[in-house]
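**Q** Handing you a structure now.
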Amino acid sequence: MSECTHNCDTCGENCSSREGGQPQDFTAKLNQYSSVKKVIGVVSGKGGVGKSLVTSLLAVMFNRKGYHTAVLDADVTGPSIPKVFGLTQKAVGSEDGIFPVTTGTGIDVMSVNLLLPNETDPVVWRGPIIAGTVKQFWSDVIWQNVDYMFVDMPPGTGDVPLTVYQSIQLDGIVIVTSPQELVSMIVAKAVKMAKMMNIRTLGIIENMSYFECPDCKKKFYPFGESNLEQTAKEYDLDILARFPIDPANAKACDEGRIESVENKAASEAADKIEAKFKKD
C-alpha cells in the first residue's frame with residue numbers, strides 16, 4: 001500500500017485516513033487577533049540556493065511598496081531570517097499570544113531563533129515537534145494587519161513543507177533555484193508537490209544566475225549557462241527574476257542590513273508577483 005500523502009483527492013475511498021468518507025482538514029486556525037491577507041511560500045527543492053535571501057528581499061521590496069509585510073521562518077533547524085534583518089531582541093508574549101519582532105522598517109518576523117536563549121543553540125528536535133512549532137507560529141503568534149506574509153520554507157518535500165501546505169492557507173509559492181544541471185529535476189519535485197497540495201505556483205527565481213564585472217559590466221556565468229527558459233516552459237512557470245551573484249548582498253546579510261539593499265532583480269520579481277494578485 002502506498003504511503004498516505006494526506007491529499008484525499010488522490011487516494012481511494014477505503015483510505016484509513018478518511019473520516020466518514022470526507023477529506024480530513026489539517027488547516028490550523030489563525031490567531032483570533034491576527035489579520036493576514038496574502039501568504040506566499042518561498043520554496044526550494046534543495047538547500048544552498050539562497051532561499052532565505054530571496055524571502056527577505058521580497059519582504060523588503062513589498063514593504064517599500066507600502067504594504068505591511070511579515071516573514072514566518074519555517075526553516076526551524078536552519079533559521080537565518082533574524083540574522084539577515086539584524087534582530088537580536090527576543091519575542092515576547094501575553095495571554096493572547098506571541099508578538100513577532102519588528103524590524104527597523106516595520107517588517108514583522110517570527111523565527112525559532114527569536115525564542116531560543118542563544119541564537120547558536122541547535123534545534124535538535126524530531127519532525128513532529130518541528131512541524132508543530134511551525135503551526136504555532138501561525139496560530140499562536142499575533143500577526144496584526146499583514147498585507148503580505150512570506151514563509152521561508154525548509155528545502156525539500158519533507159515533514160515541514162507538508163505541514164505548511166496543509167496547515168497554512170497559502171495563496172501561492174515562489175520556487176527558488178540555481179543554474180545547475182540538476183535544476184530541472186529539483187524544480188519538478190517542487191512543482192509536483194505544489195500541484196498535489198492544490199497550491200498555485202507564482203513563478204520561479206534563479207539565484208546566483210551570473211556575475212557582472214563592476215568595471216566592464218560584462219556578465220560571467222560561473223555555474224554555466226542555465227536552462228531556466230527550458231525548465232520554465234516545460235513546467236509552465238513564469239520566470240520572475242534572475243538574481244546575480246552580488247558580494248554586497250552577502251555582506252549586508254552578514255551584517256543584518258538586508259533592508260538597506262538595492263536589488264533590481266528583487267524589485268522586478270516583487271512587481272510581477274504584485275501584478276498577479278492585482279489581476280486576480
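Following the order of the C-alpha cells, chains are lettered A, B, ..., residues in each are numbered from 1, and ligands are numbered from 1.
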Could you name the residues that touch Met185 in chain A at 12 Å or less, counting only C-alpha atoms, but leaving out those on the same chain fewer than 2 positions away, as a list in words?
**A**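 The contact residues come out as Ser44, Gly45, Lys46, Gly156, Thr177, Gln180, Glu181, Leu182, Val183, Val187, Ala188, Lys189, Ala190, Val191, Lys192, Asn227, Thr231, Ala232, Glu234 and Tyr235 of chain A.
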**Q** Mind writing the picked residues with all heavy atoms as a short mmCIF file (atom, residue, chain, number, x, y, z; two decimals), in the first residue's frame?
**A**
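Now in selection-v9.cif:
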```cif
data_model
loop_
_atom_site.label_atom_id
_atom_site.label_comp_id
_atom_site.auth_asym_id
_atom_site.auth_seq_id
_atom_site.Cartn_x
_atom_site.Cartn_y
_atom_site.Cartn_z
N SER A 44 12.32 25.67 -2.13
CA SER A 44 13.40 25.19 -2.99
C SER A 44 13.47 23.68 -2.87
O SER A 44 13.13 23.12 -1.82
CB SER A 44 14.74 25.81 -2.60
OG SER A 44 15.12 25.41 -1.29
N GLY A 45 13.89 23.05 -3.93
CA GLY A 45 14.00 21.60 -3.90
C GLY A 45 15.23 21.11 -3.19
O GLY A 45 15.31 19.96 -2.78
N LYS A 46 16.23 21.99 -3.05
CA LYS A 46 17.47 21.64 -2.38
C LYS A 46 17.98 22.83 -1.60
O LYS A 46 17.56 23.97 -1.83
CB LYS A 46 18.54 21.18 -3.39
CG LYS A 46 18.93 22.27 -4.40
CD LYS A 46 19.89 21.74 -5.44
CE LYS A 46 21.26 21.44 -4.86
NZ LYS A 46 21.95 22.68 -4.40
N GLY A 156 13.36 20.95 0.20
CA GLY A 156 12.88 19.59 0.03
C GLY A 156 11.37 19.47 0.14
O GLY A 156 10.62 20.45 0.10
N THR A 177 15.73 28.58 -7.33
CA THR A 177 16.66 27.58 -7.84
C THR A 177 17.97 28.24 -8.23
O THR A 177 18.15 29.45 -8.06
CB THR A 177 16.04 26.84 -9.05
OG1 THR A 177 16.87 25.75 -9.41
CG2 THR A 177 15.88 27.78 -10.22
N GLN A 180 22.16 25.03 -12.30
CA GLN A 180 22.96 23.80 -12.25
C GLN A 180 22.27 22.70 -13.04
O GLN A 180 21.08 22.79 -13.36
CB GLN A 180 23.20 23.38 -10.80
CG GLN A 180 24.03 24.38 -10.02
CD GLN A 180 24.15 24.03 -8.56
OE1 GLN A 180 23.49 23.12 -8.08
NE2 GLN A 180 24.97 24.78 -7.84
N GLU A 181 23.00 21.63 -13.30
CA GLU A 181 22.49 20.54 -14.12
C GLU A 181 21.23 19.90 -13.55
O GLU A 181 20.35 19.46 -14.28
CB GLU A 181 23.58 19.47 -14.29
CG GLU A 181 24.72 19.88 -15.20
CD GLU A 181 24.29 20.02 -16.65
OE1 GLU A 181 23.36 19.30 -17.06
OE2 GLU A 181 24.86 20.85 -17.37
N LEU A 182 21.15 19.84 -12.22
CA LEU A 182 20.03 19.15 -11.59
C LEU A 182 18.78 20.02 -11.46
O LEU A 182 17.78 19.59 -10.89
CB LEU A 182 20.43 18.66 -10.18
CG LEU A 182 21.49 17.55 -10.13
CD1 LEU A 182 21.86 17.26 -8.68
CD2 LEU A 182 20.98 16.29 -10.79
N VAL A 183 18.85 21.25 -11.98
CA VAL A 183 17.77 22.20 -11.75
C VAL A 183 16.41 21.66 -12.20
O VAL A 183 15.41 21.81 -11.50
CB VAL A 183 18.08 23.55 -12.42
CG1 VAL A 183 18.18 23.40 -13.92
CG2 VAL A 183 17.02 24.58 -12.08
N VAL A 187 13.33 21.29 -9.61
CA VAL A 187 12.14 22.13 -9.82
C VAL A 187 10.91 21.25 -10.01
O VAL A 187 9.83 21.55 -9.48
CB VAL A 187 12.34 23.05 -11.03
CG1 VAL A 187 11.03 23.72 -11.43
CG2 VAL A 187 13.39 24.11 -10.73
N ALA A 188 11.07 20.15 -10.73
CA ALA A 188 9.94 19.24 -10.98
C ALA A 188 9.35 18.75 -9.67
O ALA A 188 8.12 18.66 -9.51
CB ALA A 188 10.39 18.07 -11.84
N LYS A 189 10.20 18.41 -8.71
CA LYS A 189 9.71 17.92 -7.42
C LYS A 189 8.89 19.00 -6.70
O LYS A 189 7.83 18.72 -6.14
CB LYS A 189 10.89 17.47 -6.55
CG LYS A 189 11.58 16.20 -7.02
CD LYS A 189 12.74 15.84 -6.11
CE LYS A 189 13.45 14.58 -6.57
NZ LYS A 189 12.59 13.38 -6.39
N ALA A 190 9.40 20.23 -6.71
CA ALA A 190 8.70 21.32 -6.04
C ALA A 190 7.37 21.61 -6.71
O ALA A 190 6.35 21.83 -6.04
CB ALA A 190 9.58 22.57 -6.02
N VAL A 191 7.37 21.63 -8.03
CA VAL A 191 6.14 21.91 -8.78
C VAL A 191 5.10 20.82 -8.53
O VAL A 191 3.91 21.11 -8.29
CB VAL A 191 6.43 22.02 -10.29
CG1 VAL A 191 5.14 22.07 -11.09
CG2 VAL A 191 7.27 23.27 -10.57
N LYS A 192 5.53 19.57 -8.60
CA LYS A 192 4.60 18.45 -8.42
C LYS A 192 4.02 18.41 -7.01
O LYS A 192 2.85 18.08 -6.82
CB LYS A 192 5.28 17.14 -8.77
CG LYS A 192 5.55 16.98 -10.26
CD LYS A 192 6.26 15.68 -10.58
CE LYS A 192 6.50 15.55 -12.08
NZ LYS A 192 7.21 14.29 -12.43
N ASN A 227 19.50 26.51 -17.92
CA ASN A 227 18.40 26.09 -18.80
C ASN A 227 17.07 26.58 -18.25
O ASN A 227 16.06 25.89 -18.32
CB ASN A 227 18.39 24.56 -18.93
CG ASN A 227 19.63 24.03 -19.59
OD1 ASN A 227 20.09 24.57 -20.59
ND2 ASN A 227 20.20 22.97 -19.04
N THR A 231 13.33 24.95 -18.62
CA THR A 231 12.67 24.39 -17.45
C THR A 231 11.33 25.08 -17.19
O THR A 231 10.33 24.43 -16.90
CB THR A 231 13.57 24.54 -16.21
OG1 THR A 231 14.81 23.87 -16.45
CG2 THR A 231 12.91 23.96 -14.98
N ALA A 232 11.32 26.41 -17.31
CA ALA A 232 10.09 27.17 -17.09
C ALA A 232 9.02 26.78 -18.10
O ALA A 232 7.83 26.63 -17.75
CB ALA A 232 10.38 28.66 -17.17
N GLU A 234 8.82 23.91 -19.72
CA GLU A 234 8.43 22.51 -19.50
C GLU A 234 7.37 22.39 -18.42
O GLU A 234 6.46 21.57 -18.52
CB GLU A 234 9.66 21.69 -19.14
CG GLU A 234 9.37 20.20 -18.96
CD GLU A 234 10.63 19.41 -18.67
OE1 GLU A 234 11.74 20.00 -18.69
OE2 GLU A 234 10.51 18.18 -18.44
N TYR A 235 7.49 23.21 -17.38
CA TYR A 235 6.56 23.11 -16.25
C TYR A 235 5.59 24.28 -16.19
O TYR A 235 4.93 24.47 -15.17
CB TYR A 235 7.35 22.97 -14.94
CG TYR A 235 8.20 21.72 -14.93
CD1 TYR A 235 9.58 21.81 -15.10
CD2 TYR A 235 7.63 20.46 -14.81
CE1 TYR A 235 10.37 20.67 -15.12
CE2 TYR A 235 8.41 19.32 -14.84
CZ TYR A 235 9.78 19.43 -15.00
OH TYR A 235 10.56 18.30 -15.03
#
```
**Q** Taking the DSSP secondary structure from the backbone, can you list the residues of range 173-252 of chain A that are strand (DSSP E), as a list of chain:residue names?
**A**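 Filtering range 173-252 of chain A to strand (DSSP E) leaves A:Ile173, A:Val174, A:Ile175, A:Val176, A:Thr177, A:Thr201, A:Leu202, A:Gly203, A:Ile204, A:Ile205, A:Glu206, A:Phe211, A:Glu212, A:Lys219, A:Phe220, A:Ile239, A:Leu240, A:Ala241, A:Arg242.
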**Q** Using only C-alpha atoms, pick whichever of A:Met197, A:Leu57, A:Cys253, A:Ile98 has the shortest atom-to-atom distance to Gln144 in chain A.
**A**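 Nearest to Gln144 in chain A: A:Ile98.
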**Q** Measuring between only C-alpha atoms, which one of A:Gly256, A:Pro79, A:Gly127, A:Gly86 shows the shortest distance to Asn113 in chain A?
**A**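 Closest to Asn113 in chain A of all the choices is A:Pro79.
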**Q** What does the distance from CA of Glu119 in chain A to CA of Leu87 in chain A come to in Å, to one decimal?
**A**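 Value for the CA of Glu119 in chain A-CA of Leu87 in chain A distance: 10.4 Å.
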**Q** Can you list, as a list of chain:residue names, every protein, DNA or RNA residue that comes within 12 Å of Lys65 in chain A when you count only C-alpha atoms, leaving out same-chain residues fewer than 4 positions away?
**A**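 The filter keeps A:Leu58, A:Ala59, A:Val60, A:Met61, A:Thr69, A:Asp147, A:Tyr148, A:Ser267, A:Ala270, A:Asp271, A:Glu274.
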**Q** Would you list the contacts of range 250-252 of chain A as a list in words, taking every protein, DNA or RNA residue within 9 Å and counting only C-alpha atoms, but skipping same-chain residues closer than 5 positions in sequence?
**A** Leu53, Val84, Ile245, Arg257, Ile258, Glu259, Ser260 and Val261 of chain A
**Q** Could the residues in this selection be written to a file with N, CA and C atoms, as a PDB file, in the first residue's frame?
**A**
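Listing of out_39.pdb after writing:
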```pdb
ATOM      1  N   LEU A  53      17.566  34.435   1.415  1.00  0.00           N
ATOM      2  CA  LEU A  53      17.881  35.737   0.841  1.00  0.00           C
ATOM      3  C   LEU A  53      16.720  36.236  -0.006  1.00  0.00           C
ATOM      4  N   VAL A  84      19.746  38.087   9.094  1.00  0.00           N
ATOM      5  CA  VAL A  84      19.822  38.970   7.924  1.00  0.00           C
ATOM      6  C   VAL A  84      19.114  40.304   8.178  1.00  0.00           C
ATOM      7  N   ILE A 245      25.007  37.130  -8.705  1.00  0.00           N
ATOM      8  CA  ILE A 245      25.900  36.954  -7.556  1.00  0.00           C
ATOM      9  C   ILE A 245      26.418  38.334  -7.187  1.00  0.00           C
ATOM     10  N   ARG A 257      21.819  43.912   7.467  1.00  0.00           N
ATOM     11  CA  ARG A 257      21.385  45.146   6.798  1.00  0.00           C
ATOM     12  C   ARG A 257      20.595  44.863   5.524  1.00  0.00           C
ATOM     13  N   ILE A 258      19.856  43.786   5.488  1.00  0.00           N
ATOM     14  CA  ILE A 258      19.142  43.422   4.265  1.00  0.00           C
ATOM     15  C   ILE A 258      18.153  44.499   3.835  1.00  0.00           C
ATOM     16  N   GLU A 259      17.665  45.291   4.786  1.00  0.00           N
ATOM     17  CA  GLU A 259      16.674  46.316   4.460  1.00  0.00           C
ATOM     18  C   GLU A 259      17.279  47.518   3.732  1.00  0.00           C
ATOM     19  N   SER A 260      18.613  47.581   3.694  1.00  0.00           N
ATOM     20  CA  SER A 260      19.282  48.688   3.005  1.00  0.00           C
ATOM     21  C   SER A 260      19.678  48.318   1.585  1.00  0.00           C
ATOM     22  N   VAL A 261      19.453  47.061   1.200  1.00  0.00           N
ATOM     23  CA  VAL A 261      19.918  46.566  -0.097  1.00  0.00           C
ATOM     24  C   VAL A 261      19.069  47.116  -1.240  1.00  0.00           C
TER      25      VAL A 261
END
```
**Q** Pick from A:Val39, A:Asn31, A:Thr88, A:Pro82: nearest to Ile168 in chain A, with only C-alpha atoms counted?
**A**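 For Ile168 in chain A, the nearest of the given residues is A:Val39.
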**Q** Contacts of Gln89 in chain A at 12 Å or less, counting only C-alpha atoms, minus same-chain residues fewer than 3 places along, as an MDAnalysis selection string?
**A** chainID A and resid 82:83 85:86 92 99:103 109:111 113:119
**Q** May I have the residues within 10 Å of range 203-220 of chain A as a ChimeraX atom specification, using only C-alpha atoms and disregarding those fewer than 6 positions away in the same chain?
**A** /A:42-44,49-51,53-54,172-180,183,187,191,226,228,231-232,236-247,265-266,269,272-273
